[in-house]
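Here the structure is laid out as structure tokens; the discussion comes afterwards.
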Amino acid sequence: MEIKWAPNAFVRLTLPLMAGILTYLYWGETLPELLPFVGLLVVLFGVVQAWATRQRGATATDAAGLLAVLAVYVAGAALTQQATESRAPDHLYRFGSGIEFYRGVVDDYTVVRPATYATTVRVSAVRVGGQWRPARGGIRVSVPREAAVTAPQYGDVWLVRGAPAPSKPPLNPGEFDYRRYLEYHQVYHQQFIHADQYQQIATAPPNWLRAIAMRAARVLDGVFRQYVHAKREYALASALVLGIKDEVDQQTKQAYANTGTTHIMAVSGLQVGLLFGAVTWLLGRLPGRRGPWFRFVAAALGLATIWSYAFLTGLSASVLRAAVMFSFLILGRASGRQTSMYNLLAVAAFCLLCYDPYLLCDVGFQLSFLAVLSIVYLQPRIGRVLHPKAFFLGKQRPWQPTVVRKGWKWLGVGLEYGWQATALSLAAQVATLPLGLFYFHQFPLSFLASNLVAVPISSGAVYVGLVLLALKGVVALVGVGSGQAAAVLDWLPRLVAVVFEKMIWLFNEYIFGIGRLLPGALISGIHVTAPQAWLMFAIILAALVFLQLRRLPWLGVACTLLGVLESSRVWAAYQLAPDARLIVYSIPRRSVVGFWQGAAAEVVTLDSVPLTETERTYRIVPGSIQREAQQVHHRPGWQGCPVPARVLEPGLTLTAWRGVQVAFVSGRLSEARAPLPGLEAIVLRRNARVTPATLASIFGTAAPIIFDSSCKSWYVAQQDSMLHRAGFQTYDVTARGAFTVRVRD
């Protein structure tokens, strides 16, 4: 399959740029300073290019082209290197725990949680040894959500007492790597700040435009709060039109995730595309000639509309990404020349990655570009498989009544729309399937039934919601001159709000209805490693090349890669089958131990209180997915658990599982107890009142002492030093993550 590079010049620049970024992400620690190499390659390219223009034949030109690709590749790695804040000599990492105070500014949206507010603070200075020094770095902070604490606002300048701690790695097997996620956003520290630890000393937004935009988004959110009375419908309205999801409950989020419609609640390509489509349609209805001036005016109006919407939604990352993509599309059309969609996508990606190379790690960025790329290539091809409109128009006959002929026509039009929407949804799923399985470990089989109805309803709701905001703006302007006139006109937004709320209600009920009607349509618990995801992409690509060229070798390549993929999964299952391990989990304020044998497990909550759904979802389930577990039983206490456990006395329980003996100590131990040697571990629970001497006399000092998550930090600090002096090794699961004992064959 010949690749036409001429109309897709930026594709061959974006691919090496992405390769350079990936190179730094995987091997950046070992690379030297790269900017000098970029300068050298640029100069060398200029020399070779000047020489190539005076040569005949393609060899010299090809050499210059390869040199340009190499320069872009190295530039991608260099850009990522320069964007990595932790390399700076004044980064927070350099000061360690010696920070007494720091000054920083709130530089992100505030996430409202049940008990806390969470946001990001960008540090500008730290006090170390009584002296203030310039510093930089991001800290993900949480503050208690109390009556006396106001929610942090973008631009608040804080003076904070205490040193932030480096972000913690995942604490349990398979758990989401929040530390790496923060690092991709140039945040390397976390801190819980009590109300008496910080003070707002000024207001100085890092970006005044963004500050105004965020304030505008909150004002518009207040309009929905005023006119949409049902709490659930208000929360969805604000999420759908403005991207503010603070009030959306967990049950609703889960229902949308189970039906593959989460993307509807995120202001991104869908909403920006709807605005772009509306502007294009309105301009297409205008009479007159379509000359260069018309294209210029149309482009200006399209850009103004899209960027105004981006501004009014708070200039969030997802809507900015979509706005950039559609801006290049508008400019490409305005040029009046045939412009490849692939080239426009490449230009948008190239510019965004030059601005922030770490966007390549953003799940939204990956899914957005892959979905659009897949739609551009596959949707027309899938759409051409069936022709409902032509089929039903062929059913028309001259002798048929007018009603019958129109019925055939509109039936064909309706089915054509439905089929094209189906083709679009299928096309988007093809390229995003590997990423969806890799990141979310599930695939909703009901995505077609959900999207075919939910997307049109939600699209209409977006338009109605924007009309509501516009009408409220008109009423507010009238109110400046006459409050009485504004009160009279207020019936207009109220009427539109009723329609808007009903549409949101219908949309939401449909999503929940799909979940109830198709309860088994969600395939979950799928574990796909990064190499397996790459293999899936290669299989899809080989299959598409086969369908395009109709050459059997490409089908053979696809089948071979599929065999490799399945073999890797079979091999992983074979290796896992004999794997047995005991895991003491790190779950705040809980005592939880898991006994894993291959893909089966017994998870015991030692305090007899069952884990909450949130605790299970975020702490236990990821490890279950990683092991592709088939049978995981959660036991509140030892009752009913097949793992042998003996209560030797009120504060001491002994388990023996597959030759591994572990003691769980939660209270005082009898001084007269007979020794229990040969243990693999001793787990202290609930601040057990024990002394090193007692532990040594009963268990010896060979087995490590494990502080589980039910132990308080002061207790761990107090006991740790005494146990070390007595010759014990200790392990704190709260600080270091889950403790694992592997069963030896």
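Convention: chains lettered A, B, ... in structure tokens order; per-chain residue numbering from 1; ligands numbered from 1 as shown.
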Excluding Gln719 in chain A and residues on its chain fewer than 5 positions from it, collect all residues at most 9 Å away from it, counting only C-alpha atoms, and give them as a PyMOL selection string. chain A and resi 691-692+714+724
Let's see if you can do this: from backbone DSSP, list all alpha helix (DSSP H) residues in range 24-144 of chain A, as a count of residues only. 47
I'd like a table as a Markdown table: residues in range 397-487 of chain A with an atom no more than 8 Å from range 236-255 of chain A, each row giving the shortest atom pair and its distance in Å to one decimal, only C-alpha atoms counted, sorted by chain and rising residue number.
```
| residue | atom | partner | partner_atom | distance |
| --- | --- | --- | --- | --- |
| A:Ser458 | CA | A:Leu240 | CA | 7.8 |
| A:Val462 | CA | A:Val241 | CA | 5.8 |
| A:Gly465 | CA | A:Val241 | CA | 6.8 |
| A:Leu466 | CA | A:Val241 | CA | 7.5 |
```
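Candidate residues A:Trp27, A:Trp638, A:Phe311, A:Trp657 were compared for distance to Ala580 in chain A, and the nearest is A:Trp657, using only C-alpha atoms.
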Which polymer residues have any atom within 6 Å of an atom of range 650-652 of chain A, counting only C-alpha atoms, with same-chain residues fewer than 4 positions away left out, as a list in words?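 That gives Phe664, Val665, Ser666 and Gly667 of chain A.
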Measure the distance from CA of Val647 in chain A to CA of Ala601 in chain A in Å and round it to one decimal. 21.8 Å
For CA of Glu680 in chain A and CA of Phe176 in chain A, determine how far apart the two atoms are, in Å to one decimal place. 28.3 Å
Just want the 10 Å neighbourhood of Gly659 in chain A, counted on only C-alpha atoms, with same-chain residues fewer than 6 positions away dropped. Output as a PDB file with all heavy atoms, in the first residue's frame.
```
ATOM      1  N   LEU A 679       7.554 -18.941  62.012  1.00  0.00           N
ATOM      2  CA  LEU A 679       6.553 -18.125  61.330  1.00  0.00           C
ATOM      3  C   LEU A 679       7.180 -17.370  60.159  1.00  0.00           C
ATOM      4  O   LEU A 679       8.364 -17.025  60.168  1.00  0.00           O
ATOM      5  CB  LEU A 679       5.925 -17.127  62.302  1.00  0.00           C
ATOM      6  CG  LEU A 679       5.165 -17.702  63.507  1.00  0.00           C
ATOM      7  CD1 LEU A 679       4.589 -16.567  64.330  1.00  0.00           C
ATOM      8  CD2 LEU A 679       4.069 -18.639  63.061  1.00  0.00           C
ATOM      9  N   GLU A 680       6.355 -17.102  59.148  1.00  0.00           N
ATOM     10  CA  GLU A 680       6.793 -16.297  58.006  1.00  0.00           C
ATOM     11  C   GLU A 680       6.646 -14.808  58.281  1.00  0.00           C
ATOM     12  O   GLU A 680       7.380 -13.990  57.732  1.00  0.00           O
ATOM     13  CB  GLU A 680       5.979 -16.659  56.753  1.00  0.00           C
ATOM     14  CG  GLU A 680       6.250 -18.035  56.208  1.00  0.00           C
ATOM     15  CD  GLU A 680       7.594 -18.144  55.534  1.00  0.00           C
ATOM     16  OE1 GLU A 680       8.157 -17.096  55.165  1.00  0.00           O
ATOM     17  OE2 GLU A 680       8.099 -19.275  55.370  1.00  0.00           O
ATOM     18  N   VAL A 743       4.625 -18.304  48.425  1.00  0.00           N
ATOM     19  CA  VAL A 743       4.678 -19.694  48.883  1.00  0.00           C
ATOM     20  C   VAL A 743       5.719 -20.436  48.063  1.00  0.00           C
ATOM     21  O   VAL A 743       5.670 -20.442  46.825  1.00  0.00           O
ATOM     22  CB  VAL A 743       3.304 -20.365  48.745  1.00  0.00           C
ATOM     23  CG1 VAL A 743       3.397 -21.838  49.151  1.00  0.00           C
ATOM     24  CG2 VAL A 743       2.279 -19.642  49.599  1.00  0.00           C
ATOM     25  N   ARG A 744       6.656 -21.042  48.738  1.00  0.00           N
ATOM     26  CA  ARG A 744       7.706 -21.796  48.048  1.00  0.00           C
ATOM     27  C   ARG A 744       7.242 -23.223  47.811  1.00  0.00           C
ATOM     28  O   ARG A 744       6.653 -23.858  48.692  1.00  0.00           O
ATOM     29  CB  ARG A 744       8.988 -21.789  48.889  1.00  0.00           C
ATOM     30  CG  ARG A 744       9.607 -20.394  49.025  1.00  0.00           C
ATOM     31  CD  ARG A 744      10.870 -20.447  49.860  1.00  0.00           C
ATOM     32  NE  ARG A 744      10.572 -20.774  51.251  1.00  0.00           N
ATOM     33  CZ  ARG A 744      10.274 -19.865  52.173  1.00  0.00           C
ATOM     34  NH1 ARG A 744      10.214 -18.588  51.851  1.00  0.00           N
ATOM     35  NH2 ARG A 744      10.012 -20.237  53.415  1.00  0.00           N
ATOM     36  N   ASP A 745       7.549 -23.720  46.632  1.00  0.00           N
ATOM     37  CA  ASP A 745       7.159 -25.096  46.296  1.00  0.00           C
ATOM     38  C   ASP A 745       7.969 -26.102  47.118  1.00  0.00           C
ATOM     39  O   ASP A 745       9.113 -25.866  47.461  1.00  0.00           O
ATOM     40  CB  ASP A 745       7.399 -25.365  44.813  1.00  0.00           C
ATOM     41  CG  ASP A 745       6.473 -24.513  43.952  1.00  0.00           C
ATOM     42  OD1 ASP A 745       5.389 -24.173  44.444  1.00  0.00           O
ATOM     43  OD2 ASP A 745       6.852 -24.205  42.796  1.00  0.00           O
TER      44      ASP A 745
END
```
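Picture a line from CA of Phe101 in chain A to CA of Arg180 in chain A; it runs 25.7 Å.
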Distance query range 593-599 of chain A at most 7 Å, only C-alpha atoms, self and fewer than 5 positions along chain excluded, as a tab-separated table (two decimals) with C-alpha atoms, in the first residue's frame:
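That gives us result.tsv:
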```tsv
chain	number	residue	atom	x	y	z
A	576	LEU	CA	0.17	-17.91	37.10
A	577	ALA	CA	-1.53	-21.25	37.86
A	578	PRO	CA	1.07	-22.48	40.40
A	579	ASP	CA	1.67	-19.00	41.85
A	580	ALA	CA	0.56	-18.81	45.48
A	581	ARG	CA	1.04	-15.86	47.77
A	582	LEU	CA	-0.27	-14.30	50.95
A	583	ILE	CA	-0.86	-10.52	50.77
A	584	VAL	CA	-1.38	-8.11	53.68
A	585	TYR	CA	-3.16	-5.23	51.94
A	604	VAL	CA	-10.41	-11.87	54.64
A	605	THR	CA	-11.36	-8.67	56.47
A	627	ARG	CA	-4.37	-12.03	37.70
A	628	GLU	CA	-7.55	-12.51	35.64
A	629	ALA	CA	-9.10	-13.95	38.78
A	630	GLN	CA	-12.06	-16.27	38.32
A	631	GLN	CA	-13.05	-16.89	41.94
```
Using only C-alpha atoms, which residues sit within 9 Å of Ala428 in chain A once same-chain residues fewer than 3 positions away are excluded, as a list in words? Leu370, Ala371, Val372, Leu373, Ser374, Ile375, Leu378, Gln379, Ala423, Leu424, Ser425, Ala431, Thr432 and Leu433 of chain A
Distance query range 86-99 of chain A at most 10 Å, only C-alpha atoms, self and fewer than 4 positions along chain excluded, as a VMD selection string: chain A and resid 81 to 82 123 to 130 132 to 139 161 to 166 183 186 to 189
Closest to Val74 in chain A among A:Ser318, A:Leu35, A:Val105, A:Trp51, using only C-alpha atoms? A:Leu35
Name the residues of range 145-246 of chain A that come out as strand (DSSP E or B) in a backbone DSSP run; write them as a short mmCIF file (atom, residue, chain, number, x, y, z; two decimals) with N, CA, C and O atoms, in the first residue's frame.
```cif
data_model
loop_
_atom_site.label_atom_id
_atom_site.label_comp_id
_atom_site.auth_asym_id
_atom_site.auth_seq_id
_atom_site.Cartn_x
_atom_site.Cartn_y
_atom_site.Cartn_z
N ASP A 156 -5.50 31.46 44.30
CA ASP A 156 -5.24 31.71 45.71
C ASP A 156 -3.76 31.47 46.02
O ASP A 156 -3.22 30.40 45.69
N VAL A 157 -3.10 32.43 46.64
CA VAL A 157 -1.70 32.26 47.05
C VAL A 157 -1.69 31.85 48.51
O VAL A 157 -2.24 32.54 49.36
N TRP A 158 -1.05 30.73 48.80
CA TRP A 158 -1.05 30.16 50.14
C TRP A 158 0.34 30.21 50.75
O TRP A 158 1.36 30.07 50.06
N LEU A 159 0.36 30.36 52.06
CA LEU A 159 1.55 30.15 52.86
C LEU A 159 1.27 28.90 53.70
O LEU A 159 0.32 28.88 54.49
N VAL A 160 2.07 27.87 53.50
CA VAL A 160 1.80 26.56 54.10
C VAL A 160 2.94 26.16 55.01
O VAL A 160 4.12 26.30 54.65
N ARG A 161 2.59 25.64 56.19
CA ARG A 161 3.59 25.15 57.13
C ARG A 161 3.78 23.64 56.93
O ARG A 161 2.82 22.89 56.78
N ALA A 165 5.30 15.55 51.03
CA ALA A 165 5.95 14.24 50.88
C ALA A 165 5.92 13.83 49.42
O ALA A 165 4.98 14.15 48.69
N PRO A 166 6.95 13.14 48.96
CA PRO A 166 6.92 12.61 47.59
C PRO A 166 5.69 11.73 47.39
O PRO A 166 5.26 11.02 48.32
N VAL A 187 3.66 16.99 38.70
CA VAL A 187 3.36 17.05 40.13
C VAL A 187 4.04 15.85 40.77
O VAL A 187 3.75 14.70 40.41
N TYR A 188 4.96 16.11 41.71
CA TYR A 188 5.76 15.03 42.29
C TYR A 188 5.55 14.87 43.79
O TYR A 188 6.18 14.00 44.39
N HIS A 189 4.71 15.71 44.39
CA HIS A 189 4.51 15.64 45.84
C HIS A 189 3.02 15.67 46.17
O HIS A 189 2.19 16.14 45.37
N GLN A 190 2.70 15.17 47.36
CA GLN A 190 1.34 15.20 47.88
C GLN A 190 1.38 15.64 49.34
O GLN A 190 2.40 15.46 50.03
N GLN A 191 0.27 16.23 49.77
CA GLN A 191 0.21 16.64 51.18
C GLN A 191 -1.24 16.83 51.60
O GLN A 191 -2.05 17.41 50.86
N PHE A 192 -1.56 16.31 52.78
CA PHE A 192 -2.84 16.63 53.41
C PHE A 192 -2.60 17.80 54.35
O PHE A 192 -1.76 17.72 55.25
N TYR A 198 -2.36 26.28 56.82
CA TYR A 198 -2.16 27.17 55.68
C TYR A 198 -2.99 28.44 55.84
O TYR A 198 -3.97 28.48 56.59
N GLN A 199 -2.57 29.45 55.11
CA GLN A 199 -3.26 30.74 55.15
C GLN A 199 -3.19 31.37 53.76
O GLN A 199 -2.14 31.36 53.12
N GLN A 200 -4.32 31.88 53.31
CA GLN A 200 -4.31 32.60 52.03
C GLN A 200 -3.76 34.00 52.26
O GLN A 200 -4.26 34.75 53.10
N ILE A 201 -2.73 34.35 51.51
CA ILE A 201 -2.07 35.64 51.72
C ILE A 201 -2.26 36.60 50.55
O ILE A 201 -1.95 37.78 50.66
N ALA A 202 -2.75 36.09 49.43
CA ALA A 202 -2.95 36.96 48.26
C ALA A 202 -3.76 36.21 47.22
O ALA A 202 -4.11 35.03 47.40
N THR A 203 -4.08 36.92 46.14
CA THR A 203 -4.73 36.32 44.97
C THR A 203 -3.94 36.76 43.74
O THR A 203 -3.89 37.96 43.44
#
```
Between A:Trp534, A:Tyr510, A:Tyr342, A:Tyr358, smallest distance to Val376 in chain A by only C-alpha atoms belongs to A:Tyr342
